[in-house]
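Participant: Got a structure for you, input-v7.cif, holding mmCIF, N, CA and C atoms.
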data_protein
#
loop_
_atom_site.group_PDB
_atom_site.id
_atom_site.type_symbol
_atom_site.label_atom_id
_atom_site.label_comp_id
_atom_site.auth_asym_id
_atom_site.auth_seq_id
_atom_site.Cartn_x
_atom_site.Cartn_y
_atom_site.Cartn_z
ATOM 1 N N MET A 417 -17.015 -17.896 49.165
ATOM 2 C CA MET A 417 -17.353 -17.813 47.773
ATOM 3 C C MET A 417 -16.128 -17.376 46.983
ATOM 4 N N ALA A 418 -15.698 -18.160 46.029
ATOM 5 C CA ALA A 418 -14.508 -17.859 45.235
ATOM 6 C C ALA A 418 -14.865 -16.907 44.102
ATOM 7 N N GLN A 419 -13.951 -15.957 43.902
ATOM 8 C CA GLN A 419 -14.150 -15.020 42.808
ATOM 9 C C GLN A 419 -13.541 -15.583 41.535
ATOM 10 N N SER A 420 -14.224 -15.378 40.471
ATOM 11 C CA SER A 420 -13.716 -15.835 39.186
ATOM 12 C C SER A 420 -12.670 -14.847 38.683
ATOM 13 N N SER A 421 -11.540 -15.378 38.280
ATOM 14 C CA SER A 421 -10.484 -14.509 37.757
ATOM 15 C C SER A 421 -10.509 -14.466 36.227
ATOM 16 N N ALA A 422 -11.546 -15.042 35.653
ATOM 17 C CA ALA A 422 -11.638 -15.055 34.183
ATOM 18 C C ALA A 422 -11.898 -13.643 33.668
ATOM 19 N N LYS A 423 -11.155 -13.281 32.657
ATOM 20 C CA LYS A 423 -11.320 -11.975 32.031
ATOM 21 C C LYS A 423 -12.263 -12.129 30.851
ATOM 22 N N PRO A 424 -12.960 -11.069 30.511
ATOM 23 C CA PRO A 424 -13.820 -11.157 29.329
ATOM 24 C C PRO A 424 -12.969 -11.466 28.102
ATOM 25 N N ALA A 425 -13.545 -12.228 27.204
ATOM 26 C CA ALA A 425 -12.813 -12.594 25.987
ATOM 27 C C ALA A 425 -12.494 -11.348 25.181
ATOM 28 N N GLU A 426 -11.233 -11.238 24.757
ATOM 29 C CA GLU A 426 -10.830 -10.100 23.935
ATOM 30 C C GLU A 426 -11.134 -10.403 22.482
ATOM 31 N N LYS A 427 -11.546 -9.371 21.784
ATOM 32 C CA LYS A 427 -11.787 -9.531 20.349
ATOM 33 C C LYS A 427 -10.442 -9.673 19.655
ATOM 34 N N PRO A 428 -10.358 -10.565 18.677
ATOM 35 C CA PRO A 428 -9.101 -10.649 17.949
ATOM 36 C C PRO A 428 -8.857 -9.325 17.229
ATOM 37 N N SER A 429 -7.610 -8.882 17.242
ATOM 38 C CA SER A 429 -7.316 -7.599 16.610
ATOM 39 C C SER A 429 -7.470 -7.708 15.091
ATOM 40 N N GLN A 430 -8.007 -6.660 14.522
ATOM 41 C CA GLN A 430 -8.185 -6.609 13.074
ATOM 42 C C GLN A 430 -6.836 -6.293 12.441
ATOM 43 N N PRO A 431 -6.543 -6.878 11.289
ATOM 44 C CA PRO A 431 -5.277 -6.548 10.635
ATOM 45 C C PRO A 431 -5.319 -5.110 10.123
ATOM 46 N N SER A 432 -4.171 -4.475 10.098
ATOM 47 C CA SER A 432 -4.087 -3.142 9.525
ATOM 48 C C SER A 432 -4.180 -3.248 8.015
ATOM 49 N N TRP A 433 -4.778 -2.262 7.403
ATOM 50 C CA TRP A 433 -4.870 -2.193 5.950
ATOM 51 C C TRP A 433 -3.973 -1.071 5.462
ATOM 52 N N TYR A 434 -3.389 -1.273 4.291
ATOM 53 C CA TYR A 434 -2.451 -0.315 3.720
ATOM 54 C C TYR A 434 -2.804 -0.043 2.269
ATOM 55 N N VAL A 435 -2.588 1.200 1.861
ATOM 56 C CA VAL A 435 -2.626 1.567 0.450
ATOM 57 C C VAL A 435 -1.169 1.615 0.032
ATOM 58 N N TYR A 436 -0.862 1.097 -1.142
ATOM 59 C CA TYR A 436 0.531 1.086 -1.582
ATOM 60 C C TYR A 436 0.623 1.465 -3.058
ATOM 61 N N LEU A 437 1.802 1.941 -3.432
ATOM 62 C CA LEU A 437 2.111 2.223 -4.835
ATOM 63 C C LEU A 437 3.368 1.457 -5.207
ATOM 64 N N VAL A 438 3.327 0.833 -6.371
ATOM 65 C CA VAL A 438 4.474 0.098 -6.904
ATOM 66 C C VAL A 438 4.840 0.735 -8.241
ATOM 67 N N ARG A 439 6.141 0.957 -8.421
ATOM 68 C CA ARG A 439 6.611 1.480 -9.695
ATOM 69 C C ARG A 439 6.946 0.316 -10.615
ATOM 70 N N ALA A 440 6.421 0.390 -11.841
ATOM 71 C CA ALA A 440 6.695 -0.619 -12.864
ATOM 72 C C ALA A 440 7.946 -0.213 -13.648
ATOM 73 N N ALA A 441 8.469 -1.147 -14.436
ATOM 74 C CA ALA A 441 9.667 -0.894 -15.227
ATOM 75 C C ALA A 441 9.486 0.264 -16.205
ATOM 76 N N ASN A 442 8.260 0.507 -16.660
ATOM 77 C CA ASN A 442 7.991 1.605 -17.591
ATOM 78 C C ASN A 442 7.702 2.920 -16.860
ATOM 79 N N HIS A 443 7.966 2.969 -15.555
ATOM 80 C CA HIS A 443 7.793 4.128 -14.673
ATOM 81 C C HIS A 443 6.343 4.410 -14.292
ATOM 82 N N ALA A 444 5.415 3.580 -14.720
ATOM 83 C CA ALA A 444 4.016 3.744 -14.313
ATOM 84 C C ALA A 444 3.898 3.400 -12.828
ATOM 85 N N LEU A 445 2.871 3.938 -12.177
ATOM 86 C CA LEU A 445 2.612 3.655 -10.769
ATOM 87 C C LEU A 445 1.314 2.876 -10.645
ATOM 88 N N TYR A 446 1.388 1.751 -9.930
ATOM 89 C CA TYR A 446 0.218 0.911 -9.666
ATOM 90 C C TYR A 446 -0.200 1.143 -8.226
ATOM 91 N N CYS A 447 -1.488 1.336 -7.989
ATOM 92 C CA CYS A 447 -2.017 1.557 -6.644
ATOM 93 C C CYS A 447 -2.908 0.387 -6.249
ATOM 94 N N GLY A 448 -2.751 -0.093 -5.014
ATOM 95 C CA GLY A 448 -3.585 -1.175 -4.512
ATOM 96 C C GLY A 448 -3.690 -1.121 -2.994
ATOM 97 N N ILE A 449 -4.443 -2.060 -2.423
ATOM 98 C CA ILE A 449 -4.548 -2.169 -0.962
ATOM 99 C C ILE A 449 -4.208 -3.599 -0.547
ATOM 100 N N THR A 450 -3.755 -3.739 0.678
ATOM 101 C CA THR A 450 -3.389 -5.041 1.210
ATOM 102 C C THR A 450 -3.220 -4.953 2.718
ATOM 103 N N THR A 451 -3.118 -6.097 3.366
ATOM 104 C CA THR A 451 -2.782 -6.127 4.790
ATOM 105 C C THR A 451 -1.288 -6.342 4.994
ATOM 106 N N GLU A 452 -0.580 -6.736 3.934
ATOM 107 C CA GLU A 452 0.856 -7.009 4.026
ATOM 108 C C GLU A 452 1.572 -6.462 2.781
ATOM 109 N N PRO A 453 1.994 -5.194 2.815
ATOM 110 C CA PRO A 453 2.578 -4.577 1.624
ATOM 111 C C PRO A 453 3.797 -5.311 1.044
ATOM 112 N N GLN A 454 4.718 -5.759 1.882
ATOM 113 C CA GLN A 454 5.916 -6.442 1.358
ATOM 114 C C GLN A 454 5.556 -7.750 0.667
ATOM 115 N N ARG A 455 4.664 -8.523 1.280
ATOM 116 C CA ARG A 455 4.244 -9.788 0.671
ATOM 117 C C ARG A 455 3.555 -9.528 -0.663
ATOM 118 N N ARG A 456 2.695 -8.528 -0.695
ATOM 119 C CA ARG A 456 1.965 -8.224 -1.930
ATOM 120 C C ARG A 456 2.925 -7.755 -3.020
ATOM 121 N N PHE A 457 3.915 -6.937 -2.649
ATOM 122 C CA PHE A 457 4.916 -6.491 -3.620
ATOM 123 C C PHE A 457 5.676 -7.697 -4.186
ATOM 124 N N GLN A 458 6.031 -8.634 -3.340
ATOM 125 C CA GLN A 458 6.731 -9.838 -3.809
ATOM 126 C C GLN A 458 5.853 -10.628 -4.780
ATOM 127 N N GLN A 459 4.544 -10.670 -4.508
ATOM 128 C CA GLN A 459 3.637 -11.337 -5.443
ATOM 129 C C GLN A 459 3.645 -10.629 -6.795
ATOM 130 N N HIS A 460 3.614 -9.308 -6.777
ATOM 131 C CA HIS A 460 3.654 -8.556 -8.029
ATOM 132 C C HIS A 460 4.954 -8.838 -8.777
ATOM 133 N N GLN A 461 6.061 -8.894 -8.064
ATOM 134 C CA GLN A 461 7.354 -9.161 -8.699
ATOM 135 C C GLN A 461 7.408 -10.557 -9.316
ATOM 136 N N SER A 462 6.722 -11.493 -8.693
ATOM 137 C CA SER A 462 6.747 -12.866 -9.199
ATOM 138 C C SER A 462 5.715 -13.095 -10.301
ATOM 139 N N GLY A 463 4.976 -12.039 -10.679
ATOM 140 C CA GLY A 463 4.007 -12.159 -11.767
ATOM 141 C C GLY A 463 2.627 -12.602 -11.323
ATOM 142 N N LYS A 464 2.407 -12.683 -10.012
ATOM 143 C CA LYS A 464 1.087 -13.080 -9.504
ATOM 144 C C LYS A 464 0.331 -11.836 -9.073
ATOM 145 N N GLY A 465 -0.964 -11.884 -9.216
ATOM 146 C CA GLY A 465 -1.765 -10.749 -8.782
ATOM 147 C C GLY A 465 -2.284 -9.942 -9.948
ATOM 148 N N ALA A 466 -1.880 -8.708 -10.013
ATOM 149 C CA ALA A 466 -2.424 -7.775 -11.004
ATOM 150 C C ALA A 466 -1.868 -8.015 -12.411
ATOM 151 N N ARG A 467 -2.763 -7.971 -13.385
ATOM 152 C CA ARG A 467 -2.364 -8.070 -14.798
ATOM 153 C C ARG A 467 -1.559 -6.856 -15.237
ATOM 154 N N PHE A 468 -1.692 -5.787 -14.478
ATOM 155 C CA PHE A 468 -0.979 -4.541 -14.756
ATOM 156 C C PHE A 468 0.501 -4.802 -15.024
ATOM 157 N N PHE A 469 1.085 -5.749 -14.303
ATOM 158 C CA PHE A 469 2.528 -5.998 -14.387
ATOM 159 C C PHE A 469 2.923 -7.007 -15.461
ATOM 160 N N HIS A 470 1.981 -7.498 -16.237
ATOM 161 C CA HIS A 470 2.326 -8.433 -17.311
ATOM 162 C C HIS A 470 3.144 -7.753 -18.393
ATOM 163 N N SER A 471 2.833 -6.492 -18.689
ATOM 164 C CA SER A 471 3.539 -5.786 -19.756
ATOM 165 C C SER A 471 4.778 -5.048 -19.254
ATOM 166 N N SER A 472 4.829 -4.745 -17.984
ATOM 167 C CA SER A 472 5.972 -4.021 -17.412
ATOM 168 C C SER A 472 6.135 -4.466 -15.960
ATOM 169 N N PRO A 473 7.177 -5.218 -15.657
ATOM 170 C CA PRO A 473 7.336 -5.824 -14.328
ATOM 171 C C PRO A 473 7.430 -4.811 -13.183
ATOM 172 N N ALA A 474 7.000 -5.251 -12.005
ATOM 173 C CA ALA A 474 7.105 -4.444 -10.787
ATOM 174 C C ALA A 474 8.573 -4.258 -10.435
ATOM 175 N N GLN A 475 8.956 -3.014 -10.168
ATOM 176 C CA GLN A 475 10.351 -2.706 -9.860
ATOM 177 C C GLN A 475 10.593 -2.329 -8.404
ATOM 178 N N ALA A 476 9.696 -1.507 -7.823
ATOM 179 C CA ALA A 476 9.948 -1.017 -6.468
ATOM 180 C C ALA A 476 8.636 -0.676 -5.762
ATOM 181 N N LEU A 477 8.596 -0.999 -4.495
ATOM 182 C CA LEU A 477 7.500 -0.557 -3.628
ATOM 183 C C LEU A 477 7.884 0.857 -3.205
ATOM 184 N N VAL A 478 7.126 1.862 -3.651
ATOM 185 C CA VAL A 478 7.544 3.245 -3.457
ATOM 186 C C VAL A 478 6.683 4.036 -2.476
ATOM 187 N N TYR A 479 5.537 3.488 -2.084
ATOM 188 C CA TYR A 479 4.656 4.222 -1.173
ATOM 189 C C TYR A 479 3.827 3.235 -0.376
ATOM 190 N N VAL A 480 3.737 3.473 0.939
ATOM 191 C CA VAL A 480 2.879 2.676 1.820
ATOM 192 C C VAL A 480 2.230 3.624 2.818
ATOM 193 N N GLU A 481 0.911 3.549 2.920
ATOM 194 C CA GLU A 481 0.151 4.388 3.855
ATOM 195 C C GLU A 481 -0.805 3.499 4.641
ATOM 196 N N GLN A 482 -0.748 3.570 5.959
ATOM 197 C CA GLN A 482 -1.621 2.760 6.808
ATOM 198 C C GLN A 482 -2.992 3.408 6.913
ATOM 199 N N CYS A 483 -4.022 2.578 6.882
ATOM 200 C CA CYS A 483 -5.409 3.039 7.016
ATOM 201 C C CYS A 483 -6.058 2.316 8.189
ATOM 202 N N ALA A 484 -7.096 2.918 8.735
ATOM 203 C CA ALA A 484 -7.760 2.363 9.924
ATOM 204 C C ALA A 484 -8.472 1.043 9.647
ATOM 205 N N ASP A 485 -9.038 0.896 8.446
ATOM 206 C CA ASP A 485 -9.731 -0.344 8.112
ATOM 207 C C ASP A 485 -9.824 -0.484 6.594
ATOM 208 N N LYS A 486 -10.395 -1.584 6.147
ATOM 209 C CA LYS A 486 -10.463 -1.876 4.719
ATOM 210 C C LYS A 486 -11.283 -0.834 3.965
ATOM 211 N N SER A 487 -12.388 -0.408 4.551
ATOM 212 C CA SER A 487 -13.247 0.574 3.896
ATOM 213 C C SER A 487 -12.492 1.874 3.624
ATOM 214 N N ILE A 488 -11.763 2.337 4.613
ATOM 215 C CA ILE A 488 -10.989 3.571 4.450
ATOM 216 C C ILE A 488 -9.878 3.360 3.433
ATOM 217 N N ALA A 489 -9.250 2.194 3.450
ATOM 218 C CA ALA A 489 -8.195 1.895 2.478
ATOM 219 C C ALA A 489 -8.746 1.922 1.054
ATOM 220 N N LEU A 490 -9.929 1.347 0.851
ATOM 221 C CA LEU A 490 -10.543 1.355 -0.484
ATOM 222 C C LEU A 490 -10.853 2.781 -0.944
ATOM 223 N N LYS A 491 -11.341 3.608 -0.028
ATOM 224 C CA LYS A 491 -11.645 5.004 -0.377
ATOM 225 C C LYS A 491 -10.361 5.768 -0.695
ATOM 226 N N ARG A 492 -9.321 5.522 0.087
ATOM 227 C CA ARG A 492 -8.041 6.206 -0.157
ATOM 228 C C ARG A 492 -7.443 5.749 -1.487
ATOM 229 N N GLU A 493 -7.531 4.453 -1.779
ATOM 230 C CA GLU A 493 -7.044 3.927 -3.057
ATOM 231 C C GLU A 493 -7.758 4.636 -4.207
ATOM 232 N N HIS A 494 -9.064 4.767 -4.107
ATOM 233 C CA HIS A 494 -9.836 5.431 -5.149
ATOM 234 C C HIS A 494 -9.373 6.879 -5.320
ATOM 235 N N SER A 495 -9.165 7.572 -4.208
ATOM 236 C CA SER A 495 -8.752 8.976 -4.309
ATOM 237 C C SER A 495 -7.360 9.102 -4.922
ATOM 238 N N ILE A 496 -6.460 8.183 -4.607
ATOM 239 C CA ILE A 496 -5.120 8.218 -5.203
ATOM 240 C C ILE A 496 -5.195 7.945 -6.695
ATOM 241 N N LYS A 497 -6.046 7.018 -7.087
ATOM 242 C CA LYS A 497 -6.188 6.696 -8.516
ATOM 243 C C LYS A 497 -6.737 7.882 -9.312
ATOM 244 N N GLN A 498 -7.388 8.828 -8.643
ATOM 245 C CA GLN A 498 -7.909 10.015 -9.326
ATOM 246 C C GLN A 498 -6.837 11.082 -9.520
ATOM 247 N N LEU A 499 -5.695 10.949 -8.858
ATOM 248 C CA LEU A 499 -4.627 11.939 -8.962
ATOM 249 C C LEU A 499 -3.940 11.867 -10.318
ATOM 250 N N THR A 500 -3.344 12.975 -10.716
ATOM 251 C CA THR A 500 -2.528 12.983 -11.929
ATOM 252 C C THR A 500 -1.211 12.272 -11.620
ATOM 253 N N LYS A 501 -0.456 11.959 -12.658
ATOM 254 C CA LYS A 501 0.849 11.305 -12.460
ATOM 255 C C LYS A 501 1.753 12.201 -11.614
ATOM 256 N N ALA A 502 1.770 13.504 -11.892
ATOM 257 C CA ALA A 502 2.607 14.434 -11.132
ATOM 258 C C ALA A 502 2.199 14.460 -9.653
ATOM 259 N N GLU A 503 0.907 14.418 -9.379
ATOM 260 C CA GLU A 503 0.428 14.414 -7.991
ATOM 261 C C GLU A 503 0.809 13.115 -7.284
ATOM 262 N N LYS A 504 0.752 12.005 -8.013
ATOM 263 C CA LYS A 504 1.176 10.721 -7.425
ATOM 264 C C LYS A 504 2.670 10.749 -7.120
ATOM 265 N N GLU A 505 3.471 11.327 -8.021
ATOM 266 C CA GLU A 505 4.909 11.419 -7.785
ATOM 267 C C GLU A 505 5.189 12.262 -6.544
ATOM 268 N N ALA A 506 4.455 13.356 -6.362
ATOM 269 C CA ALA A 506 4.621 14.208 -5.177
ATOM 270 C C ALA A 506 4.219 13.456 -3.914
ATOM 271 N N LEU A 507 3.223 12.601 -4.008
ATOM 272 C CA LEU A 507 2.758 11.819 -2.864
ATOM 273 C C LEU A 507 3.867 10.922 -2.315
ATOM 274 N N LEU A 508 4.768 10.482 -3.165
ATOM 275 C CA LEU A 508 5.851 9.607 -2.719
ATOM 276 C C LEU A 508 6.724 10.269 -1.659
ATOM 277 N N GLN A 509 6.790 11.585 -1.673
ATOM 278 C CA GLN A 509 7.610 12.321 -0.713
ATOM 279 C C GLN A 509 6.812 12.785 0.509
ATOM 280 N N ALA A 510 5.529 12.498 0.541
ATOM 281 C CA ALA A 510 4.640 12.984 1.608
ATOM 282 C C ALA A 510 4.938 12.329 2.953
ATOM 283 N N ALA A 511 4.562 13.026 4.006
ATOM 284 C CA ALA A 511 4.753 12.517 5.368
ATOM 285 C C ALA A 511 3.959 11.234 5.607
ATOM 286 N N SER A 512 2.889 11.027 4.854
ATOM 287 C CA SER A 512 2.066 9.826 5.040
ATOM 288 C C SER A 512 2.760 8.562 4.519
ATOM 289 N N ASN A 513 3.860 8.716 3.772
ATOM 290 C CA ASN A 513 4.590 7.558 3.240
ATOM 291 C C ASN A 513 5.371 6.905 4.370
ATOM 292 N N MET A 514 5.048 5.643 4.665
ATOM 293 C CA MET A 514 5.663 4.938 5.781
ATOM 294 C C MET A 514 7.019 4.325 5.447
ATOM 295 N N LEU A 515 7.443 4.366 4.191
ATOM 296 C CA LEU A 515 8.723 3.769 3.822
ATOM 297 C C LEU A 515 9.863 4.607 4.385
ATOM 298 N N GLU A 516 10.857 3.924 4.944
ATOM 299 C CA GLU A 516 11.988 4.613 5.543
ATOM 300 C C GLU A 516 12.773 5.387 4.498
ATOM 301 N N GLY A 517 13.113 6.601 4.834
ATOM 302 C CA GLY A 517 13.992 7.393 3.995
ATOM 303 C C GLY A 517 13.349 7.975 2.753
ATOM 304 N N LYS A 518 12.195 7.445 2.358
ATOM 305 C CA LYS A 518 11.544 7.919 1.129
ATOM 306 C C LYS A 518 12.599 8.107 0.046
ATOM 307 N N ARG A 519 13.407 7.085 -0.138
ATOM 308 C CA ARG A 519 14.582 7.172 -0.991
ATOM 309 C C ARG A 519 14.276 7.169 -2.490
ATOM 310 N N TYR A 520 13.030 7.072 -2.843
ATOM 311 C CA TYR A 520 12.686 7.020 -4.257
ATOM 312 C C TYR A 520 12.453 8.428 -4.774
ATOM 313 N N LYS A 521 13.224 8.808 -5.766
ATOM 314 C CA LYS A 521 13.112 10.139 -6.359
ATOM 315 C C LYS A 521 11.980 10.142 -7.385
ATOM 316 N N PRO A 522 11.228 11.235 -7.431
ATOM 317 C CA PRO A 522 10.170 11.311 -8.448
ATOM 318 C C PRO A 522 10.760 11.158 -9.848
ATOM 319 N N GLN A 523 10.060 10.438 -10.683
ATOM 320 C CA GLN A 523 10.474 10.247 -12.076
ATOM 321 C C GLN A 523 9.859 11.337 -12.929
ATOM 322 N N PRO A 524 10.469 11.658 -14.057
ATOM 323 C CA PRO A 524 9.851 12.640 -14.948
ATOM 324 C C PRO A 524 8.480 12.168 -15.382
ATOM 325 N N VAL A 525 7.571 13.101 -15.519
ATOM 326 C CA VAL A 525 6.221 12.780 -15.979
ATOM 327 C C VAL A 525 6.258 12.622 -17.490
ATOM 328 N N PHE A 526 5.705 11.520 -17.984
ATOM 329 C CA PHE A 526 5.707 11.247 -19.419
ATOM 330 C C PHE A 526 4.432 11.740 -20.054
#
Would you write out, as structure tokens, the structure that this file holds?
Facilitator:
Amino acid sequence: MAQSSAKPAEKPSQPSWYVYLVRAANHALYCGITTEPQRRFQQHQSGKGARFFHSSPAQALVYVEQCADKSIALKREHSIKQLTKAEKEALLQAASNMLEGKRYKPQPVF
């Protein structure tokens, strides 16, 4: 009797979800979620996506935080949107920011 060497089918891996912040030319911070932060930032720069950038173009991707799934990303996005501008600026320097070097300096609060 031959043994079957077939392995159980693996579930396709779910894409990672990220919360991100983009700084606009007027120093405002836009918060959103995506599975591909760099691609989404490029869309914002090209004028596609959020109307937020129609009046002030996207300048820099300043914060990226990985979340376990879309639901958690949406909840985290909501909580970030509740922060004050000063709290969002402080978040850019947080350990949860996945961007290398965290080279973006907080801007003065207007």
Participant: Identify all residues of range 430-489 of chain A in strand (DSSP E or B) (DSSP on the backbone) and supply them as a list in words.
Facilitator: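 Reading the DSSP output for range 430-489 of chain A, strand (DSSP E or B) covers Trp433, Tyr434, Val435, Tyr436, Leu437, Val438, Arg439, Ala440, Leu445, Tyr446, Cys447, Gly448, Ile449, Thr450, Ala474, Gln475, Ala476, Leu477, Val478, Tyr479, Val480, Glu481, Gln482 and Cys483 of chain A.
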Participant: Hey, can you check how far CA of Ala489 in chain A sits from atom C of Thr451 in chain A?
Facilitator: 11.0 Å
Participant: Which residue, A:Ser487, A:Gln475, A:Gly465, A:Trp433, has the smallest gap to Thr450 in chain A when you use all atoms listed in the file?
Facilitator: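 Of the candidates, the smallest distance to Thr450 in chain A is held by A:Trp433.
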Participant: For this structure, which residues satisfy the selection - the PyMOL selection byres ((chain A and resi 476) around 5) - when it is evaluated on the file as given? I want them as a PyMOL selection string.
Facilitator: chain A and resi 438-439+474-475+477-478
Participant: State, in Å with one decimal place, the distance from CA of Leu508 in chain A to CA of Pro473 in chain A.
Facilitator: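 Here the two named atoms are 19.4 Å from each other.
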Participant: I need the output of the PyMOL selection byres (((chain A and resi 437 and name CA) around 12) and name CA) for this file as a ChimeraX atom specification; which residues are they?
Facilitator: /A:434-436,438-440,443-450,453-454,456-457,460,474-481,492-493,496-497,501,504-505,507-508,513-515,520
Participant: Quote the spacing between atom C of Ala441 in chain A and CA of His470 in chain A in Å to one decimal place.
Facilitator: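 Value for the atom C of Ala441 in chain A-CA of His470 in chain A distance: 11.3 Å.
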Participant: Compare A:Ser471, A:Pro431, A:Lys464, A:Ala506 by their minimum atom-to-atom distance to Glu452 in chain A, counting all atoms listed in the file, and give me the closest one.
Facilitator: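 Looking only at the distances to Glu452 in chain A, the closest residue turns out to be A:Pro431.
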Participant: Once DSSP has gone over the backbone, tell me which residues of range 425-517 of chain A are in helix (DSSP H, G or I), as a short mmCIF file (atom, residue, chain, number, x, y, z; two decimals) with N, CA and C atoms, in the coordinates of the input.
Facilitator:
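The new file selection_3.cif reads:
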data_model
loop_
_atom_site.label_atom_id
_atom_site.label_comp_id
_atom_site.auth_asym_id
_atom_site.auth_seq_id
_atom_site.Cartn_x
_atom_site.Cartn_y
_atom_site.Cartn_z
N PRO A 453 1.99 -5.19 2.82
CA PRO A 453 2.58 -4.58 1.62
C PRO A 453 3.80 -5.31 1.04
N GLN A 454 4.72 -5.76 1.88
CA GLN A 454 5.92 -6.44 1.36
C GLN A 454 5.56 -7.75 0.67
N ARG A 455 4.66 -8.52 1.28
CA ARG A 455 4.24 -9.79 0.67
C ARG A 455 3.56 -9.53 -0.66
N ARG A 456 2.70 -8.53 -0.70
CA ARG A 456 1.96 -8.22 -1.93
C ARG A 456 2.92 -7.76 -3.02
N PHE A 457 3.92 -6.94 -2.65
CA PHE A 457 4.92 -6.49 -3.62
C PHE A 457 5.68 -7.70 -4.19
N GLN A 458 6.03 -8.63 -3.34
CA GLN A 458 6.73 -9.84 -3.81
C GLN A 458 5.85 -10.63 -4.78
N GLN A 459 4.54 -10.67 -4.51
CA GLN A 459 3.64 -11.34 -5.44
C GLN A 459 3.64 -10.63 -6.80
N HIS A 460 3.61 -9.31 -6.78
CA HIS A 460 3.65 -8.56 -8.03
C HIS A 460 4.95 -8.84 -8.78
N GLN A 461 6.06 -8.89 -8.06
CA GLN A 461 7.35 -9.16 -8.70
C GLN A 461 7.41 -10.56 -9.32
N ARG A 467 -2.76 -7.97 -13.38
CA ARG A 467 -2.36 -8.07 -14.80
C ARG A 467 -1.56 -6.86 -15.24
N PHE A 468 -1.69 -5.79 -14.48
CA PHE A 468 -0.98 -4.54 -14.76
C PHE A 468 0.50 -4.80 -15.02
N PHE A 469 1.08 -5.75 -14.30
CA PHE A 469 2.53 -6.00 -14.39
C PHE A 469 2.92 -7.01 -15.46
N HIS A 470 1.98 -7.50 -16.24
CA HIS A 470 2.33 -8.43 -17.31
C HIS A 470 3.14 -7.75 -18.39
N LYS A 486 -10.40 -1.58 6.15
CA LYS A 486 -10.46 -1.88 4.72
C LYS A 486 -11.28 -0.83 3.96
N SER A 487 -12.39 -0.41 4.55
CA SER A 487 -13.25 0.57 3.90
C SER A 487 -12.49 1.87 3.62
N ILE A 488 -11.76 2.34 4.61
CA ILE A 488 -10.99 3.57 4.45
C ILE A 488 -9.88 3.36 3.43
N ALA A 489 -9.25 2.19 3.45
CA ALA A 489 -8.20 1.90 2.48
C ALA A 489 -8.75 1.92 1.05
N LEU A 490 -9.93 1.35 0.85
CA LEU A 490 -10.54 1.36 -0.48
C LEU A 490 -10.85 2.78 -0.94
N LYS A 491 -11.34 3.61 -0.03
CA LYS A 491 -11.64 5.00 -0.38
C LYS A 491 -10.36 5.77 -0.70
N ARG A 492 -9.32 5.52 0.09
CA ARG A 492 -8.04 6.21 -0.16
C ARG A 492 -7.44 5.75 -1.49
N GLU A 493 -7.53 4.45 -1.78
CA GLU A 493 -7.04 3.93 -3.06
C GLU A 493 -7.76 4.64 -4.21
N HIS A 494 -9.06 4.77 -4.11
CA HIS A 494 -9.84 5.43 -5.15
C HIS A 494 -9.37 6.88 -5.32
N SER A 495 -9.16 7.57 -4.21
CA SER A 495 -8.75 8.98 -4.31
C SER A 495 -7.36 9.10 -4.92
N ILE A 496 -6.46 8.18 -4.61
CA ILE A 496 -5.12 8.22 -5.20
C ILE A 496 -5.20 7.94 -6.70
N LYS A 497 -6.05 7.02 -7.09
CA LYS A 497 -6.19 6.70 -8.52
C LYS A 497 -6.74 7.88 -9.31
N LYS A 501 -0.46 11.96 -12.66
CA LYS A 501 0.85 11.30 -12.46
C LYS A 501 1.75 12.20 -11.61
N ALA A 502 1.77 13.50 -11.89
CA ALA A 502 2.61 14.43 -11.13
C ALA A 502 2.20 14.46 -9.65
N GLU A 503 0.91 14.42 -9.38
CA GLU A 503 0.43 14.41 -7.99
C GLU A 503 0.81 13.12 -7.28
N LYS A 504 0.75 12.00 -8.01
CA LYS A 504 1.18 10.72 -7.42
C LYS A 504 2.67 10.75 -7.12
N GLU A 505 3.47 11.33 -8.02
CA GLU A 505 4.91 11.42 -7.78
C GLU A 505 5.19 12.26 -6.54
N ALA A 506 4.46 13.36 -6.36
CA ALA A 506 4.62 14.21 -5.18
C ALA A 506 4.22 13.46 -3.91
N LEU A 507 3.22 12.60 -4.01
CA LEU A 507 2.76 11.82 -2.86
C LEU A 507 3.87 10.92 -2.32
N GLU A 516 10.86 3.92 4.94
CA GLU A 516 11.99 4.61 5.54
C GLU A 516 12.77 5.39 4.50
N GLY A 517 13.11 6.60 4.83
CA GLY A 517 13.99 7.39 4.00
C GLY A 517 13.35 7.98 2.75
#
